[in-house]
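Below: one structure, written as structure tokens.
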Amino acid sequence: MKISVVGTGYVGLVSGTCFADSGITVTCVDIDEKKIEGLKNGIIPIYEPGLETKVKDNVDKNRLSFTTEIKESLVDCEAVFIAVGTPPDEDGSADLSYVLGVARDIGKHMTDYLVVVTKSTVPIGTAKKVRAAVKEELEKRQVNIEFDVASNPEFLKEGDAIKDFLKPDRIVVGTDSERAMKVMQRLYKPFTLNGHPIIFMDIPSAELTKYAANSMLATRISFMNEIANLCEIVGADINHVRKGIGSDTRIGNKFLYAGVGYGGSCFPKDVKALIKTADENKYSLEILKSVEKVNDKQKSVLFEKLMKYFNGNLEGKTITLWGLSFKPNTDDMREAPALVIIEKLLKEKAIIKTHDPVAMHETKRRIGDTVAYCKDIYEALIDADALLILTEWSEFRVPNYVVMSKLMKNKVIFDGRNIYDPTEIKEQGFEYFGIGRS
Ligand SMILES: NC(=O)c1ccc[n+]([C@@H]2O[C@H](COP(=O)([O-])OP(=O)(O)OC[C@H]3O[C@@H](n4cnc5c(N)ncnc54)[C@H](O)[C@@H]3O)[C@@H](O)[C@H]2O)c1
């Protein structure tokens with residue numbers, strides 16, 4: 001079986017590699033020549049645990065290859081996955097120009113029956129537009145080649161992407177064609193053998209499922225952040241509250257952590273896009289509008305605590321940031337709360353020292369040398385007036401407090417991820433401020 005995956009980013013590269021790992025012949029396509037050239041030479045453009053070895057292994061076994069030419073990738077291909085970006089437009093709706101551009105390219109070059117699958121997160125109605133774009137190109141060519149469309153949203157998490165793809169909680173496929181359904185069933189058979197379900201549905205439901213899932217997760221985060229803020233006012237501890245409610249099986253204990261707000265390439269844009277879709281259909285999603293508002297505010301909570309501590313004056317203060325990426329195990333800096341905090345600190349003329357195990361390169365690409373990038377957590381602490389924890393990387397969890405005490409000018413920790421035990425930290429002689437801990 002042979003497939004093409006167009007768009008070689010977090011989703012396309014992981015999906016293509018995992019499909020190849022199950023024995024399918026996969027061509028990954030991207031318009032970014034540098035990225036494809038790098039991949040041909042074994043250079044992985046993103047940080048994702050386990051990906052490099054898997055890519056190499058499948059390339060060595062001739063099951064995985066890379067090209068900038070969509071045309072060659074479609075030869076003898078049974079399904080083509082569109083996995084390009086869908087960034088937010090100025091009005092918050094998903095920008096579909098990349099997805100529809102690929103659909104047109106497919107129409108221009110396909111030679112045989114194909115299932116055209118949207119894996120990108122796309123609003124309801126996109127599959128129809130993809131179908132129309134492919135059809136239009138076929139008509140221009142005056143050829144009559146059959147094809148079907150399917151919506152197959154991706155639920156992988158950056159940092160755990162390989163595991164999520166190989167052992168998915170579920171696979172969602174929307175299609176109105178029996179033939180496409182059979183192709184998708186064959187493709188995903190290796191991943192469903194151990195009881196991981198494949199759920200078939202109509203196309204609009206599949207398209208909406210992805211947005212509803214991300215919006216539900218974003219809602220849990222904003223909800224916990226609001227409860228955490230209330231905890232601080234009334235003298236409660238969010239960690240106790242989290243355990244208390246998470247043990248209720250109707251609620252469950254996942255995704256209940258208070259922090260500095262959600263970021264990343266998905267939640268912010270998907271919440272926005274769903275609000276926009278509803279607005280366009282003359283329905284106002286009040287809960288999601290609040291989720292967004294709460295999140296925007298939450299990104300500043302740690303900064304405000306810091307300002308209060310220093311009586312509103314951060315000029316010349318050395319502020320250390322541990323963690324830059326929006327979550328651990330990724331170098332993705334899209335919508336990372338760290339960027340908001342850095343901007344605010346720079347405005348106050350603070351001196352910023354940072355360390356992140358993998359995201360410093362990507363941060364530097366975005367904001368240059370406006371902050372110092374330090375080789376480890378301790379170098380970043382030299383002469384620090386305060387330490388801010390912005391990402392819960394595991395290497396931050398048990399630091400050497402004695403070394404920290406010697407390096408820091410002022411021993412105060414603002415823990416934006418609640419990774420420390422306040423009592424233990426205080427015993428070590430530090431002042432401590434967490435989120436939702438009185
Ligand atoms: N990143 C995630 O964790 C995640 C998870 C689930 C779903 N998604 C969704 O998947 C989609 C892709 O996300 P991503 O994070 O992989 O994006 P990304 O930005 O990492 O990668 C997109 C890739 O598409 C390429 N591209 C753009 N136009 C192209 C074209 N015409 N032909 C070929 N390649 C083209 C870009 O060069 C880029 O390499 C988005 O819709 C996103 O919402 C992302």
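Letters A, B, ... go to the chains of the structure tokens in the order shown; residues in each chain start at 1; ligands are counted from 1 in the same order.
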
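Once Asp105 (chain A) and its same-chain neighbours fewer than 6 positions away are set aside, A:Glu69, A:Ile70, A:Lys71, A:Val99, A:Ala133, A:Val134, A:Glu137 remain within 10 Å of it when counting only C-alpha atoms.
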
Would you save the residues from that selection as a CSV table (one decimal), in the first residue's frame, using N, CA and C atoms?
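again-v4.csv was written with the following content:
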chain,number,residue,atom,x,y,z
A,69,GLU,N,8.0,17.4,-4.7
A,69,GLU,CA,7.1,17.3,-5.9
A,69,GLU,C,5.9,16.4,-5.5
A,70,ILE,N,4.8,17.0,-5.4
A,70,ILE,CA,3.6,16.3,-5.1
A,70,ILE,C,3.2,15.3,-6.2
A,71,LYS,N,3.6,15.7,-7.5
A,71,LYS,CA,3.2,14.8,-8.6
A,71,LYS,C,3.8,13.4,-8.5
A,99,VAL,N,-4.5,24.4,2.7
A,99,VAL,CA,-5.2,23.1,2.5
A,99,VAL,C,-5.8,23.1,1.1
A,133,ALA,N,-12.3,21.8,-5.1
A,133,ALA,CA,-11.1,22.3,-5.6
A,133,ALA,C,-10.4,21.2,-6.5
A,134,VAL,N,-10.5,19.9,-6.0
A,134,VAL,CA,-9.9,18.8,-6.8
A,134,VAL,C,-10.7,18.7,-8.1
A,137,GLU,N,-9.9,21.3,-10.9
A,137,GLU,CA,-8.7,21.0,-11.6
A,137,GLU,C,-8.8,19.9,-12.5

Long-range neighbours of region 253-256 of chain A as number ranges by chain, 9 Å cut-off, only C-alpha atoms, 5 positions minimum in chain: A: 217-218, 220-221, 223-225, 242-243, 245-248

Same residues, C-alpha atoms, output as a short mmCIF file (atom, residue, chain, number, x, y, z; two decimals), in the first residue's frame:
data_model
loop_
_atom_site.label_atom_id
_atom_site.label_comp_id
_atom_site.auth_asym_id
_atom_site.auth_seq_id
_atom_site.Cartn_x
_atom_site.Cartn_y
_atom_site.Cartn_z
CA LEU A 217 -9.48 20.47 26.99
CA ALA A 218 -8.92 24.24 26.84
CA ARG A 220 -10.74 22.35 31.63
CA ILE A 221 -7.53 24.39 31.80
CA PHE A 223 -11.73 26.35 34.57
CA MET A 224 -8.89 25.15 36.81
CA ASN A 225 -7.07 28.46 36.42
CA ARG A 242 -7.56 19.10 41.98
CA LYS A 243 -7.10 15.79 43.78
CA ILE A 245 -12.39 16.64 42.21
CA GLY A 246 -10.18 14.48 39.95
CA SER A 247 -10.98 11.35 41.96
CA ASP A 248 -14.60 11.66 40.84
#

If you count only C-alpha atoms and all ligand atoms, which residues end up within 8 Å of ligand 1, as a PDB file with N, CA and C atoms, in the first residue's frame?
ATOM      1  N   VAL A   6       1.105  15.201   2.603  1.00  0.00           N
ATOM      2  CA  VAL A   6       1.540  16.534   2.166  1.00  0.00           C
ATOM      3  C   VAL A   6       1.560  17.483   3.359  1.00  0.00           C
ATOM      4  N   GLY A   7       2.741  18.077   3.590  1.00  0.00           N
ATOM      5  CA  GLY A   7       2.959  18.891   4.789  1.00  0.00           C
ATOM      6  C   GLY A   7       3.784  18.046   5.750  1.00  0.00           C
ATOM      7  N   THR A   8       5.024  18.455   5.957  1.00  0.00           N
ATOM      8  CA  THR A   8       5.934  17.617   6.756  1.00  0.00           C
ATOM      9  C   THR A   8       6.281  18.332   8.051  1.00  0.00           C
ATOM     10  N   GLY A   9       5.238  18.757   8.784  1.00  0.00           N
ATOM     11  CA  GLY A   9       5.443  19.405  10.080  1.00  0.00           C
ATOM     12  C   GLY A   9       5.243  18.396  11.203  1.00  0.00           C
ATOM     13  N   TYR A  10       4.793  18.876  12.363  1.00  0.00           N
ATOM     14  CA  TYR A  10       4.603  17.999  13.520  1.00  0.00           C
ATOM     15  C   TYR A  10       3.664  16.837  13.163  1.00  0.00           C
ATOM     16  N   VAL A  11       2.561  17.159  12.504  1.00  0.00           N
ATOM     17  CA  VAL A  11       1.566  16.126  12.218  1.00  0.00           C
ATOM     18  C   VAL A  11       1.970  15.268  11.020  1.00  0.00           C
ATOM     19  N   GLY A  12       2.347  15.920   9.917  1.00  0.00           N
ATOM     20  CA  GLY A  12       2.668  15.179   8.696  1.00  0.00           C
ATOM     21  C   GLY A  12       3.864  14.257   8.872  1.00  0.00           C
ATOM     22  N   LEU A  13       4.910  14.761   9.502  1.00  0.00           N
ATOM     23  CA  LEU A  13       6.119  13.945   9.638  1.00  0.00           C
ATOM     24  C   LEU A  13       5.887  12.764  10.581  1.00  0.00           C
ATOM     25  N   VAL A  29       5.686  15.020   1.524  1.00  0.00           N
ATOM     26  CA  VAL A  29       5.891  16.141   0.598  1.00  0.00           C
ATOM     27  C   VAL A  29       5.869  17.449   1.380  1.00  0.00           C
ATOM     28  N   ASP A  30       6.745  18.375   1.009  1.00  0.00           N
ATOM     29  CA  ASP A  30       6.666  19.716   1.602  1.00  0.00           C
ATOM     30  C   ASP A  30       7.180  20.726   0.581  1.00  0.00           C
ATOM     31  N   ILE A  31       6.650  21.945   0.662  1.00  0.00           N
ATOM     32  CA  ILE A  31       7.140  22.979  -0.254  1.00  0.00           C
ATOM     33  C   ILE A  31       8.428  23.615   0.264  1.00  0.00           C
ATOM     34  N   ASP A  32       8.745  23.349   1.519  1.00  0.00           N
ATOM     35  CA  ASP A  32       9.939  23.923   2.121  1.00  0.00           C
ATOM     36  C   ASP A  32      11.163  23.098   1.696  1.00  0.00           C
ATOM     37  N   LYS A  35      13.750  22.136   4.337  1.00  0.00           N
ATOM     38  CA  LYS A  35      13.280  21.077   5.240  1.00  0.00           C
ATOM     39  C   LYS A  35      13.440  19.709   4.577  1.00  0.00           C
ATOM     40  N   THR A  68       9.792  17.413  -2.752  1.00  0.00           N
ATOM     41  CA  THR A  68       9.034  18.661  -2.853  1.00  0.00           C
ATOM     42  C   THR A  68       8.004  18.553  -3.992  1.00  0.00           C
ATOM     43  N   ILE A  70       4.785  17.048  -5.408  1.00  0.00           N
ATOM     44  CA  ILE A  70       3.564  16.295  -5.084  1.00  0.00           C
ATOM     45  C   ILE A  70       3.238  15.289  -6.202  1.00  0.00           C
ATOM     46  N   ALA A  83      -1.779  17.543   5.376  1.00  0.00           N
ATOM     47  CA  ALA A  83      -1.403  17.801   6.783  1.00  0.00           C
ATOM     48  C   ALA A  83      -0.663  19.131   6.896  1.00  0.00           C
ATOM     49  N   VAL A  84      -1.105  20.104   6.100  1.00  0.00           N
ATOM     50  CA  VAL A  84      -0.445  21.419   6.135  1.00  0.00           C
ATOM     51  C   VAL A  84      -1.073  22.285   7.237  1.00  0.00           C
ATOM     52  N   GLY A  85      -0.470  23.412   7.501  1.00  0.00           N
ATOM     53  CA  GLY A  85      -0.935  24.275   8.587  1.00  0.00           C
ATOM     54  C   GLY A  85      -2.282  24.936   8.271  1.00  0.00           C
ATOM     55  N   THR A  86      -3.020  25.249   9.330  1.00  0.00           N
ATOM     56  CA  THR A  86      -4.272  26.016   9.195  1.00  0.00           C
ATOM     57  C   THR A  86      -4.226  27.151  10.225  1.00  0.00           C
ATOM     58  N   PRO A  87      -3.301  28.101  10.024  1.00  0.00           N
ATOM     59  CA  PRO A  87      -3.136  29.164  11.032  1.00  0.00           C
ATOM     60  C   PRO A  87      -4.363  30.061  11.104  1.00  0.00           C
ATOM     61  N   TYR A  98      -3.679  27.085   2.521  1.00  0.00           N
ATOM     62  CA  TYR A  98      -2.690  26.006   2.308  1.00  0.00           C
ATOM     63  C   TYR A  98      -3.390  24.694   1.956  1.00  0.00           C
ATOM     64  N   VAL A  99      -4.458  24.402   2.702  1.00  0.00           N
ATOM     65  CA  VAL A  99      -5.191  23.148   2.475  1.00  0.00           C
ATOM     66  C   VAL A  99      -5.769  23.125   1.058  1.00  0.00           C
ATOM     67  N   GLY A 101      -4.857  24.925  -1.479  1.00  0.00           N
ATOM     68  CA  GLY A 101      -3.746  24.931  -2.454  1.00  0.00           C
ATOM     69  C   GLY A 101      -3.292  23.510  -2.724  1.00  0.00           C
ATOM     70  N   VAL A 102      -3.186  22.714  -1.673  1.00  0.00           N
ATOM     71  CA  VAL A 102      -2.768  21.310  -1.851  1.00  0.00           C
ATOM     72  C   VAL A 102      -3.861  20.549  -2.617  1.00  0.00           C
ATOM     73  N   ASP A 105      -3.423  21.195  -6.151  1.00  0.00           N
ATOM     74  CA  ASP A 105      -2.245  20.470  -6.660  1.00  0.00           C
ATOM     75  C   ASP A 105      -2.581  18.997  -6.903  1.00  0.00           C
ATOM     76  N   LYS A 119      -6.176  15.822   7.119  1.00  0.00           N
ATOM     77  CA  LYS A 119      -5.696  15.507   8.470  1.00  0.00           C
ATOM     78  C   LYS A 119      -5.491  16.811   9.249  1.00  0.00           C
ATOM     79  N   SER A 120      -5.286  17.895   8.529  1.00  0.00           N
ATOM     80  CA  SER A 120      -5.195  19.200   9.185  1.00  0.00           C
ATOM     81  C   SER A 120      -6.497  19.443   9.934  1.00  0.00           C
ATOM     82  N   THR A 121      -6.426  20.291  10.965  1.00  0.00           N
ATOM     83  CA  THR A 121      -7.651  20.666  11.685  1.00  0.00           C
ATOM     84  C   THR A 121      -8.374  21.733  10.863  1.00  0.00           C
ATOM     85  N   VAL A 122      -9.553  21.381  10.377  1.00  0.00           N
ATOM     86  CA  VAL A 122     -10.244  22.292   9.455  1.00  0.00           C
ATOM     87  C   VAL A 122     -11.711  22.472   9.854  1.00  0.00           C
ATOM     88  N   PRO A 153      -9.245  13.841  11.360  1.00  0.00           N
ATOM     89  CA  PRO A 153      -8.512  14.751  12.241  1.00  0.00           C
ATOM     90  C   PRO A 153      -7.500  14.010  13.106  1.00  0.00           C
ATOM     91  N   GLU A 154      -6.431  14.722  13.433  1.00  0.00           N
ATOM     92  CA  GLU A 154      -5.352  14.103  14.204  1.00  0.00           C
ATOM     93  C   GLU A 154      -5.409  14.580  15.657  1.00  0.00           C
ATOM     94  N   PHE A 155      -5.215  13.641  16.584  1.00  0.00           N
ATOM     95  CA  PHE A 155      -5.308  13.985  18.012  1.00  0.00           C
ATOM     96  C   PHE A 155      -3.978  13.854  18.746  1.00  0.00           C
ATOM     97  N   LEU A 156      -2.883  13.658  17.999  1.00  0.00           N
ATOM     98  CA  LEU A 156      -1.602  13.457  18.703  1.00  0.00           C
ATOM     99  C   LEU A 156      -1.212  14.689  19.515  1.00  0.00           C
ATOM    100  N   LYS A 157      -0.421  14.426  20.588  1.00  0.00           N
ATOM    101  CA  LYS A 157       0.083  15.522  21.421  1.00  0.00           C
ATOM    102  C   LYS A 157       1.561  15.685  21.135  1.00  0.00           C
ATOM    103  N   GLU A 158       2.000  16.904  20.898  1.00  0.00           N
ATOM    104  CA  GLU A 158       3.432  17.121  20.750  1.00  0.00           C
ATOM    105  C   GLU A 158       4.119  16.644  22.017  1.00  0.00           C
ATOM    106  N   ALA A 161       3.938  12.376  20.588  1.00  0.00           N
ATOM    107  CA  ALA A 161       3.261  12.199  19.305  1.00  0.00           C
ATOM    108  C   ALA A 161       3.366  10.779  18.756  1.00  0.00           C
ATOM    109  N   GLY A 264       0.615  26.924  22.585  1.00  0.00           N
ATOM    110  CA  GLY A 264       0.826  25.908  21.554  1.00  0.00           C
ATOM    111  C   GLY A 264       0.124  26.252  20.261  1.00  0.00           C
ATOM    112  N   SER A 265       0.300  25.355  19.300  1.00  0.00           N
ATOM    113  CA  SER A 265      -0.192  25.661  17.959  1.00  0.00           C
ATOM    114  C   SER A 265      -1.654  25.290  17.795  1.00  0.00           C
ATOM    115  N   CYS A 266      -2.253  24.612  18.780  1.00  0.00           N
ATOM    116  CA  CYS A 266      -3.609  24.090  18.554  1.00  0.00           C
ATOM    117  C   CYS A 266      -4.699  24.756  19.392  1.00  0.00           C
ATOM    118  N   LYS A 269      -5.693  28.526  18.619  1.00  0.00           N
ATOM    119  CA  LYS A 269      -6.298  28.772  17.295  1.00  0.00           C
ATOM    120  C   LYS A 269      -7.589  27.976  17.115  1.00  0.00           C
ATOM    121  N   ASP A 270      -7.656  26.787  17.699  1.00  0.00           N
ATOM    122  CA  ASP A 270      -8.858  25.970  17.495  1.00  0.00           C
ATOM    123  C   ASP A 270     -10.051  26.534  18.281  1.00  0.00           C
TER     124      ASP A 270
END

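The nearest approach to Gly92 (chain A) among the residues A:Ile275, A:Cys18, A:Val115, A:Ala150, with only C-alpha atoms taken into account, belongs to A:Ile275.
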
Distance query Gly174 (chain A) at most 6 Å, only C-alpha atoms, self and fewer than 4 positions along chain excluded, as a list in words: Ala150, Ser151, Phe200, Met201, Asp202, Ile203 and Ala206 of chain A

DSSP-assigned alpha helix (DSSP H) among region 69-295 of chain A, expressed as number ranges by chain: A: 70-73, 97-109, 126-141, 161-166, 178-192, 203-234, 238-246, 267-280, 286-295

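If only C-alpha atoms are the atoms counted, then among A:Leu345, A:Leu274, A:Gly252, A:Val173 the closest residue to Ala213 (chain A) is A:Leu274.
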
Test item: residues at most 9 Å from Ser177 (chain A), only C-alpha atoms, excluding those fewer than 2 positions along its chain, as a PyMOL selection string: chain A and resi 148-150+175+179-182

Could you list, as a short mmCIF file (atom, residue, chain, number, x, y, z; two decimals) with C-alpha atoms, in the first residue's frame, every residue within 12 Å of Ser65 (chain A), counting only C-alpha atoms and ignoring same-chain residues fewer than 6 positions away?
data_model
loop_
_atom_site.label_atom_id
_atom_site.label_comp_id
_atom_site.auth_asym_id
_atom_site.auth_seq_id
_atom_site.Cartn_x
_atom_site.Cartn_y
_atom_site.Cartn_z
CA LYS A 2 1.35 3.44 -0.90
CA ILE A 3 0.31 6.84 0.42
CA SER A 4 1.39 10.46 0.18
CA VAL A 5 1.45 12.87 3.13
CA THR A 8 5.93 17.62 6.76
CA LEU A 13 6.12 13.95 9.64
CA GLY A 16 3.99 9.63 7.65
CA THR A 17 6.72 8.01 9.72
CA ALA A 20 5.75 3.76 7.19
CA ILE A 24 3.13 1.20 4.21
CA THR A 25 5.22 3.00 1.59
CA VAL A 26 5.02 6.71 2.37
CA THR A 27 6.18 9.78 0.50
CA CYS A 28 6.26 12.94 2.60
CA VAL A 29 5.89 16.14 0.60
CA ASP A 30 6.67 19.72 1.60
CA ILE A 36 13.09 18.34 2.59
CA GLU A 37 16.81 18.59 1.82
CA GLY A 38 17.53 18.27 5.54
CA LEU A 39 15.22 15.27 5.94
CA LYS A 40 16.91 13.56 2.99
CA ASN A 41 20.15 13.98 4.96
CA GLY A 42 18.65 12.70 8.22
CA VAL A 55 12.57 8.28 10.50
CA LYS A 56 16.05 6.85 9.96
CA ASP A 57 14.86 3.29 10.37
CA ASN A 58 12.06 3.65 7.82
CA VAL A 59 14.21 5.57 5.34
CA GLU A 72 5.76 12.05 -8.07
CA SER A 73 4.28 11.27 -4.65
#

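Distance check against Lys210 (chain A) using only C-alpha atoms: of A:His355, A:Lys297, A:Lys140, A:Arg170, the minimum falls on A:Arg170.
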
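Between CA of Ile413 (chain A) and CA of Ile352 (chain A) the separation is 14.7 Å.
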
All strand (DSSP E or B) residues (DSSP, backbone) inside region 132-371 of chain A, as a PyMOL selection string: chain A and resi 147-151+171-175+198-201+237+318-322+351-355

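Considering the residues A:Asp383, A:Asp160, A:Asp376, A:Asp332 and counting only C-alpha atoms, Ile351 (chain A) has its shortest atom-to-atom contact with A:Asp383.
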
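Between CA of Asp421 (chain A) and CA of Gly323 (chain A) the separation is 18.4 Å.
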
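Shortest separation to Met333 (chain A) among A:Thr318, A:Thr391, A:Ser300, A:Asn281 occurs at residue A:Thr391, atoms counted being only C-alpha atoms.
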
Spatial neighbours of Lys317 (chain A), max dist 8 Å, only C-alpha atoms, sep filter under 4 positions, as a ChimeraX atom specification: /A:349-351,384-385

Applying 10 Å and only C-alpha atoms, which residues near region 285-289 of chain A remain after dropping the ones on its own chain fewer than 6 positions away? List them as a compact mmCIF listing (two decimals) with C-alpha atoms, in the first residue's frame.
# COMPACT_ATOMS: atom_id res chain seq x y z
CA SER A 215 -12.11 23.21 23.11
CA MET A 216 -13.13 20.85 25.92
CA ALA A 218 -8.92 24.24 26.84
CA THR A 219 -12.08 24.68 28.92
CA SER A 222 -9.28 27.76 32.03
CA VAL A 271 -10.87 27.68 20.24
CA LYS A 272 -10.83 30.87 18.16
CA LEU A 274 -14.77 27.26 16.68
CA ILE A 275 -16.04 30.53 18.14
CA LYS A 276 -15.83 32.00 14.64
CA THR A 277 -17.66 29.05 13.04
CA ALA A 278 -20.47 29.41 15.57
CA ASP A 279 -20.62 33.19 15.10

Return as a tab-separated table the residues of region 184-294 of chain A lying at most 10 Å from region 417-420 of chain A, together with the closest atom-to-atom pair for each and the distance in Å to one decimal, counting only C-alpha atoms, with rows in chain order and ascending residue number.
residue	atom	partner	partner_atom	distance
A:Ile238	CA	A:Asn418	CA	9.4
A:Asn239	CA	A:Asn418	CA	8.4
A:Tyr257	CA	A:Arg417	CA	8.0
A:Ala258	CA	A:Arg417	CA	7.1
A:Gly259	CA	A:Arg417	CA	5.0
A:Val260	CA	A:Arg417	CA	7.0
A:Gly261	CA	A:Arg417	CA	9.7
